[in-house]
Amino acid sequence: MVEIGHYALVLAFALALVQSTLPLYGARTDDNRLMAVAGPVTIAGFLLIALSFAALVGAYLVSDFSVKNVWENSHSLKPLLFKFSGTWGNHEGSMLLWVLILSFFGALVALFGRNLPPSLRANVLSVQGWIGGAFLLFILVTSNPFARLNPAPIEGRDLNPILQDVGLAIHPPLLYLGYVGFSICFSFAVAALIDGRIDAAWARWVRPWTLAAWVFLTGGIAMGSYWAYYELGWGGWWFWDPVENASFMPWLAGTALLHSAIVMEKRAALKIWTILLAILTFSMSLLGTFLVRSGVLTSVHAFASDPDRGVFILAILIFFIGGSLALFALRAPTLSQGGLFHPISREGALVLNNLFLTTATATVLVGTLYPLVIEALTGDKISVGAPFFNMTFGPLMLPLLAAVPFGPLLAWKRGDILAAGQRLMTAFAIALGAVLVTYLFIDGAFVLASLGVGLAFWLMFGSLTDLVLKSGVGKANPRVALKRFTGLPRSVFGTAMAHFGLGMTVLGVVAVTAFETENIVTMKPGETLEVAGYNLRFEGLVPHQGPNYTEEQGRFALLDTSGSQISTVMSAKRFYTARRMPTTEAGIETLGFSQLYVSLGDAAPDGAIIVRVWWKPLITLIWLGTVVMMLGGSMSLLDRRLRVGAPTRKQRAVPSAEVPA
Amino acid sequence: MRMMSVMPLRLALMALVLVLGQMQAHAVRPDEVLADPALEQRARDLSAVLRCMVCQNQSIDDSDAELARDLRVLVRERLVAGDSNAEVIEFVVSRYGEFVLLKPKFNPRNAVLWATPAILLGIGGVVLLYTVRRRRKRVQPAALTDEESAALQKMLQERE
């Protein structure tokens, strides 16, 4: 089975070569037979890679330690879920997952893209073939997951304990669906440049793909953030770590793309810019893959000492980014510019959004790469950490966030900012109220924190304002308003939800940054600590035996002020026997939107133990907000207008209350 | 080293740190905390911008490593001795080099780093303004030249 998987992968590479050449040539020579090759070859390639992936999963599930990759990263005693997810908890497996998802998206285009202009479809699938081929070659040459060991070891070396978590089953697939989803936008952009024209079909296709990829990437990043939060044991939720930045840059660029694609679809403006953004977004994904996979982040020298993979990915990176940008420079001037608009208009607002988001992307990019560049140029080692990003990224986001509620209220082509401001008066009053309440009634609130809370409320209620206005609540009679409300296009709901979710996330971030409390204490069994109006009583340490680890469980009783017990919080220190590696399992109790976070330190011989207890007010809003953002994105995706392959149904669509000019 | 490039997340990087066996304590320990709350707060603020040298992008405030503990204690000693925040930073940098600073210095070498957001925002803004203006000029089409009107007349007549 393992050899079949390897063989299938080689075959998939051969098919990728066909996919990347024949349809492209067919499109140039207007040969329908050659263009028609693209579909079947793409789908066959996907099936072969799926077979190959299944072979690797199979080897993990049966713990076939004759496969080197399985031996290095698995253990026969590991729970079944982790044997499964461990397939991509390592370099080789995760690259295989990467190409699996890439070829899956390619197959979707091949299956559902029959209504695309044939040359566009052929070109898109060809470009996908180029990307797939490059990464398949990378896997086969430098990172073969199917290498055998002879003789086969009796037992595996186990998966890194930190990765033995349900997070590993969800986080990488979601992240890759996002990363790689942007490859479709990239392929469409490059195909349009090859063709030298962008038509209506182009915009109608790119927007849903961008939305889908964005939804997945949002989920992947949020999931990773929560995973780090509960697993690493000191309660941080974002670290501005280069590896995090690697996923955050495509998200920022993708968010910009999402917004510029709206302009392009509705107003046929910003065409060239949207093409460039599509290229840049996927370039950020490739760069992220390079940064994480090559080891260059640890040090320039680590990269130079084991250069095989790094140089290979760097070559892929240069080929695709450089090639696509060169093509862009060559072809962009020939593309027609779209519609005109006044600076104060919906288009203008979206352009402003793009300006700030791309600047933020560039800031994160420069901050992430600066230490590498400086080390390579001067030999000096410097660090660029969280304080830098907070000082630069934060101020860039503030004006953008403050402007968000205005965007949807401005008309296309030429808007009236004063009228929009008047309509937002209610939201502004609520935000002002939130600032005052926070400042006057919450202990330890300082001006900035209060303003932050106000910004969050401004975002939330500002985005609801759009729904209220468009359905005419308060003006029309309630039944008409309800009818209008339910008749609003789903994309209007999507926008409002996504912006509302952003407000929730901001509220969570502000609350936990400003009002978090921390206690570092030594506790003996029976002792009590007061935290945020609750009492936490340490009950004692209990040893426990897990499937492939042993642990000391610290048990705490959580009491309310009257002394009755609400729940038991369990925080543990684990020791994984195969890797001889300790980890901490934080005890987390969710109370409303806030959380109590308990982490164990050293134990003393007399039964006392160092305990760190955090009160994290409203912290769950950070991730709940992203969930609402994802729902908003999905809602937008369900918009009748965007349902792929159903352009004829457009006529039946209910006209929205506000018909864009 | 290869393990470190395994996961698209900080977790895997952390793993190496953990493998080094530094998981014994948890960042700031009760016995390190200074009696004076104002001084302790300054120590915490300073700790947040100093890097744990043996960790992956962790401040000494967050880190469990022995070296981070030594540095935390050192920072507190300097503060108790009466150093200002800047003096403490200078002292730590003189010992460990600039690598220890999570917030890079404002100096010519780091100019590109710190100026990027402002410069890009500025350039982007100027380009936008320029494009809008140029476009607006294009909105009013130039009057037809005599030749063009003649050609137009000719075409119209031909159609009739």
# chains A, B, ... in the order shown; residues from 1 in each chain; ligands from 1
>>> residues_around(residues="Gly129 (chain A)", least_positions_apart="3", cutoff="6 Å", atoms="only C-alpha atoms", output="PyMOL selection string")
chain A and resi 16+19-20+126+132-133
>>> residues_around(residues="region 36-47 of chain B", least_positions_apart="5", cutoff="12 Å", atoms="only C-alpha atoms", output="MDAnalysis selection string")
(chainID A and resid 387 518) or (chainID B and resid 27:28 30 52 58:63 68:90 92 100:103)
>>> residues_around(residues="Lys483 (chain A)", least_positions_apart="4", cutoff="8 Å", atoms="only C-alpha atoms", output="PDB file with C-alpha atoms, in the first residue's frame")
ATOM      1  CA  SER A 471     -34.979  47.315   6.220  1.00  0.00           C
ATOM      2  CA  ARG A 479     -44.614  44.169   8.889  1.00  0.00           C
ATOM      3  CA  GLY A 487     -35.654  40.128   1.710  1.00  0.00           C
TER       4      GLY A 487
END
>>> select_by_dssp(residues="region 145-340 of chain A", states="helix (DSSP H, G or I)", output="PyMOL selection string")
chain A and resi 161-163+166-195+200-232+242-267+271-294+300-305+307-334
>>> interface_residues(of="chain A", to="chain B", cutoff="6 Å", atoms="only C-alpha atoms", output="VMD selection string")
chain A and resid 90 to 91 243 292 to 293 295 363 381 to 385 387 to 388 520 to 521 601 to 602
>>> write_last_selection(atoms="C-alpha atoms", output="compact mmCIF listing (two decimals), in the first residue's frame")
# COMPACT_ATOMS: atom_id res chain seq x y z
CA ASN A 90 5.26 16.59 10.45
CA HIS A 91 6.97 18.20 7.51
CA VAL A 243 5.15 31.57 12.23
CA VAL A 292 7.76 27.78 8.06
CA ARG A 293 9.18 24.92 5.96
CA GLY A 295 13.86 26.66 8.86
CA THR A 363 4.47 46.26 8.03
CA LYS A 381 21.49 39.72 15.37
CA ILE A 382 18.47 41.77 16.33
CA SER A 383 14.96 40.87 17.42
CA VAL A 384 11.66 42.26 16.23
CA GLY A 385 9.00 41.20 18.68
CA PRO A 387 6.30 45.52 21.14
CA PHE A 388 7.24 46.55 17.59
CA ILE A 520 1.31 34.24 41.26
CA VAL A 521 1.11 32.41 44.55
CA GLY A 601 4.38 25.53 38.50
CA ASP A 602 6.90 23.72 40.73
>>> residues_around(residues="Ala169 (chain A)", least_positions_apart="6", cutoff="10 Å", atoms="only C-alpha atoms", output="ChimeraX atom specification")
/A:81-82,84-89,163
>>> write_last_selection(atoms="C-alpha atoms", output="compact mmCIF listing (two decimals), in the first residue's frame")
# COMPACT_ATOMS: atom_id res chain seq x y z
CA LEU A 81 -7.43 10.35 16.59
CA PHE A 82 -3.81 11.42 17.08
CA PHE A 84 -4.79 9.99 12.20
CA SER A 85 -4.00 13.67 12.69
CA GLY A 86 -0.32 12.84 13.22
CA THR A 87 -0.23 12.14 9.47
CA TRP A 88 0.17 15.87 8.88
CA GLY A 89 1.88 16.69 12.20
CA LEU A 163 0.75 18.31 18.91
>>> decode(residues="region 425-474 of chain A", atoms="N, CA and C atoms", output="JSON list (two decimals), in the first residue's frame")
[["chain", "number", "residue", "atom", "x", "y", "z"],
["A", 425, "MET", "N", -25.54, 58.29, 14.01],
["A", 425, "MET", "CA", -25.58, 58.98, 15.30],
["A", 425, "MET", "C", -25.95, 58.04, 16.45],
["A", 426, "THR", "N", -26.93, 57.16, 16.22],
["A", 426, "THR", "CA", -27.34, 56.23, 17.29],
["A", 426, "THR", "C", -26.17, 55.35, 17.71],
["A", 427, "ALA", "N", -25.50, 54.77, 16.70],
["A", 427, "ALA", "CA", -24.36, 53.91, 17.01],
["A", 427, "ALA", "C", -23.30, 54.71, 17.76],
["A", 428, "PHE", "N", -23.09, 55.96, 17.33],
["A", 428, "PHE", "CA", -22.08, 56.79, 17.98],
["A", 428, "PHE", "C", -22.46, 57.07, 19.44],
["A", 429, "ALA", "N", -23.76, 57.34, 19.67],
["A", 429, "ALA", "CA", -24.21, 57.59, 21.03],
["A", 429, "ALA", "C", -24.01, 56.37, 21.91],
["A", 430, "ILE", "N", -24.30, 55.19, 21.37],
["A", 430, "ILE", "CA", -24.10, 53.95, 22.15],
["A", 430, "ILE", "C", -22.62, 53.79, 22.48],
["A", 431, "ALA", "N", -21.76, 54.03, 21.48],
["A", 431, "ALA", "CA", -20.32, 53.90, 21.70],
["A", 431, "ALA", "C", -19.84, 54.88, 22.77],
["A", 432, "LEU", "N", -20.35, 56.11, 22.69],
["A", 432, "LEU", "CA", -19.97, 57.12, 23.67],
["A", 432, "LEU", "C", -20.41, 56.69, 25.07],
["A", 433, "GLY", "N", -21.64, 56.15, 25.14],
["A", 433, "GLY", "CA", -22.14, 55.63, 26.42],
["A", 433, "GLY", "C", -21.21, 54.55, 26.96],
["A", 434, "ALA", "N", -20.77, 53.65, 26.07],
["A", 434, "ALA", "CA", -19.88, 52.56, 26.50],
["A", 434, "ALA", "C", -18.57, 53.13, 27.04],
["A", 435, "VAL", "N", -18.06, 54.18, 26.40],
["A", 435, "VAL", "CA", -16.82, 54.80, 26.87],
["A", 435, "VAL", "C", -17.01, 55.34, 28.29],
["A", 436, "LEU", "N", -18.12, 56.07, 28.49],
["A", 436, "LEU", "CA", -18.35, 56.69, 29.79],
["A", 436, "LEU", "C", -18.55, 55.65, 30.88],
["A", 437, "VAL", "N", -19.39, 54.65, 30.58],
["A", 437, "VAL", "CA", -19.65, 53.60, 31.57],
["A", 437, "VAL", "C", -18.34, 52.91, 31.96],
["A", 438, "THR", "N", -17.54, 52.58, 30.95],
["A", 438, "THR", "CA", -16.27, 51.91, 31.24],
["A", 438, "THR", "C", -15.39, 52.80, 32.11],
["A", 439, "TYR", "N", -15.30, 54.07, 31.73],
["A", 439, "TYR", "CA", -14.38, 54.95, 32.42],
["A", 439, "TYR", "C", -14.82, 55.20, 33.86],
["A", 440, "LEU", "N", -16.14, 55.35, 34.06],
["A", 440, "LEU", "CA", -16.63, 55.73, 35.39],
["A", 440, "LEU", "C", -16.82, 54.55, 36.31],
["A", 441, "PHE", "N", -17.24, 53.41, 35.76],
["A", 441, "PHE", "CA", -17.69, 52.34, 36.65],
["A", 441, "PHE", "C", -16.78, 51.13, 36.73],
["A", 442, "ILE", "N", -15.78, 51.02, 35.87],
["A", 442, "ILE", "CA", -14.93, 49.84, 35.96],
["A", 442, "ILE", "C", -13.60, 50.21, 36.60],
["A", 443, "ASP", "N", -13.24, 49.47, 37.63],
["A", 443, "ASP", "CA", -12.00, 49.75, 38.36],
["A", 443, "ASP", "C", -10.80, 49.62, 37.43],
["A", 444, "GLY", "N", -9.89, 50.54, 37.56],
["A", 444, "GLY", "CA", -8.64, 50.43, 36.83],
["A", 444, "GLY", "C", -8.76, 50.81, 35.37],
["A", 445, "ALA", "N", -9.92, 51.34, 34.94],
["A", 445, "ALA", "CA", -10.06, 51.72, 33.54],
["A", 445, "ALA", "C", -9.35, 53.04, 33.30],
["A", 446, "PHE", "N", -8.50, 53.09, 32.30],
["A", 446, "PHE", "CA", -7.89, 54.35, 31.95],
["A", 446, "PHE", "C", -8.47, 54.79, 30.61],
["A", 447, "VAL", "N", -8.08, 55.97, 30.19],
["A", 447, "VAL", "CA", -8.75, 56.58, 29.03],
["A", 447, "VAL", "C", -8.67, 55.70, 27.79],
["A", 448, "LEU", "N", -7.45, 55.20, 27.50],
["A", 448, "LEU", "CA", -7.29, 54.43, 26.27],
["A", 448, "LEU", "C", -8.17, 53.19, 26.26],
["A", 449, "ALA", "N", -8.23, 52.51, 27.41],
["A", 449, "ALA", "CA", -9.04, 51.29, 27.48],
["A", 449, "ALA", "C", -10.51, 51.63, 27.24],
["A", 450, "SER", "N", -10.96, 52.74, 27.82],
["A", 450, "SER", "CA", -12.36, 53.14, 27.64],
["A", 450, "SER", "C", -12.64, 53.44, 26.18],
["A", 451, "LEU", "N", -11.70, 54.14, 25.54],
["A", 451, "LEU", "CA", -11.88, 54.44, 24.12],
["A", 451, "LEU", "C", -11.90, 53.16, 23.28],
["A", 452, "GLY", "N", -11.07, 52.20, 23.69],
["A", 452, "GLY", "CA", -11.05, 50.91, 22.98],
["A", 452, "GLY", "C", -12.39, 50.22, 23.06],
["A", 453, "VAL", "N", -12.97, 50.23, 24.25],
["A", 453, "VAL", "CA", -14.30, 49.62, 24.43],
["A", 453, "VAL", "C", -15.31, 50.36, 23.54],
["A", 454, "GLY", "N", -15.17, 51.71, 23.52],
["A", 454, "GLY", "CA", -16.06, 52.50, 22.67],
["A", 454, "GLY", "C", -15.93, 52.13, 21.20],
["A", 455, "LEU", "N", -14.68, 51.93, 20.75],
["A", 455, "LEU", "CA", -14.44, 51.55, 19.35],
["A", 455, "LEU", "C", -15.15, 50.24, 19.02],
["A", 456, "ALA", "N", -15.05, 49.29, 19.96],
["A", 456, "ALA", "CA", -15.69, 47.99, 19.73],
["A", 456, "ALA", "C", -17.20, 48.15, 19.59],
["A", 457, "PHE", "N", -17.81, 48.95, 20.47],
["A", 457, "PHE", "CA", -19.26, 49.14, 20.39],
["A", 457, "PHE", "C", -19.64, 49.89, 19.12],
["A", 458, "TRP", "N", -18.80, 50.84, 18.73],
["A", 458, "TRP", "CA", -19.00, 51.59, 17.49],
["A", 458, "TRP", "C", -19.05, 50.64, 16.30],
["A", 459, "LEU", "N", -18.09, 49.68, 16.29],
["A", 459, "LEU", "CA", -18.06, 48.70, 15.21],
["A", 459, "LEU", "C", -19.31, 47.83, 15.21],
["A", 460, "MET", "N", -19.67, 47.35, 16.38],
["A", 460, "MET", "CA", -20.80, 46.41, 16.46],
["A", 460, "MET", "C", -22.10, 47.10, 16.06],
["A", 461, "PHE", "N", -22.36, 48.26, 16.69],
["A", 461, "PHE", "CA", -23.65, 48.90, 16.42],
["A", 461, "PHE", "C", -23.65, 49.64, 15.09],
["A", 462, "GLY", "N", -22.47, 50.08, 14.67],
["A", 462, "GLY", "CA", -22.36, 50.68, 13.34],
["A", 462, "GLY", "C", -22.71, 49.68, 12.25],
["A", 463, "SER", "N", -22.30, 48.42, 12.43],
["A", 463, "SER", "CA", -22.60, 47.45, 11.38],
["A", 463, "SER", "C", -24.09, 47.05, 11.41],
["A", 464, "LEU", "N", -24.69, 47.09, 12.61],
["A", 464, "LEU", "CA", -26.13, 46.80, 12.68],
["A", 464, "LEU", "C", -26.94, 47.92, 12.04],
["A", 465, "THR", "N", -26.40, 49.16, 12.11],
["A", 465, "THR", "CA", -27.12, 50.31, 11.55],
["A", 465, "THR", "C", -27.50, 50.08, 10.11],
["A", 466, "ASP", "N", -26.58, 49.49, 9.35],
["A", 466, "ASP", "CA", -26.83, 49.25, 7.94],
["A", 466, "ASP", "C", -28.08, 48.39, 7.75],
["A", 467, "LEU", "N", -28.18, 47.32, 8.56],
["A", 467, "LEU", "CA", -29.35, 46.44, 8.46],
["A", 467, "LEU", "C", -30.63, 47.19, 8.82],
["A", 468, "VAL", "N", -30.55, 47.96, 9.91],
["A", 468, "VAL", "CA", -31.72, 48.71, 10.37],
["A", 468, "VAL", "C", -32.20, 49.66, 9.29],
["A", 469, "LEU", "N", -31.24, 50.40, 8.70],
["A", 469, "LEU", "CA", -31.62, 51.38, 7.68],
["A", 469, "LEU", "C", -32.20, 50.72, 6.44],
["A", 470, "LYS", "N", -31.51, 49.67, 6.00],
["A", 470, "LYS", "CA", -31.95, 49.06, 4.74],
["A", 470, "LYS", "C", -33.31, 48.40, 4.86],
["A", 471, "SER", "N", -33.67, 47.92, 6.08],
["A", 471, "SER", "CA", -34.98, 47.32, 6.22],
["A", 471, "SER", "C", -36.02, 48.36, 6.64],
["A", 472, "GLY", "N", -35.58, 49.56, 6.95],
["A", 472, "GLY", "CA", -36.52, 50.64, 7.28],
["A", 472, "GLY", "C", -37.19, 50.48, 8.62],
["A", 473, "VAL", "N", -36.54, 49.85, 9.59],
["A", 473, "VAL", "CA", -37.11, 49.73, 10.93],
["A", 473, "VAL", "C", -37.33, 51.12, 11.51],
["A", 474, "GLY", "N", -38.52, 51.34, 12.08],
["A", 474, "GLY", "CA", -38.79, 52.64, 12.68],
["A", 474, "GLY", "C", -39.43, 53.61, 11.71]]
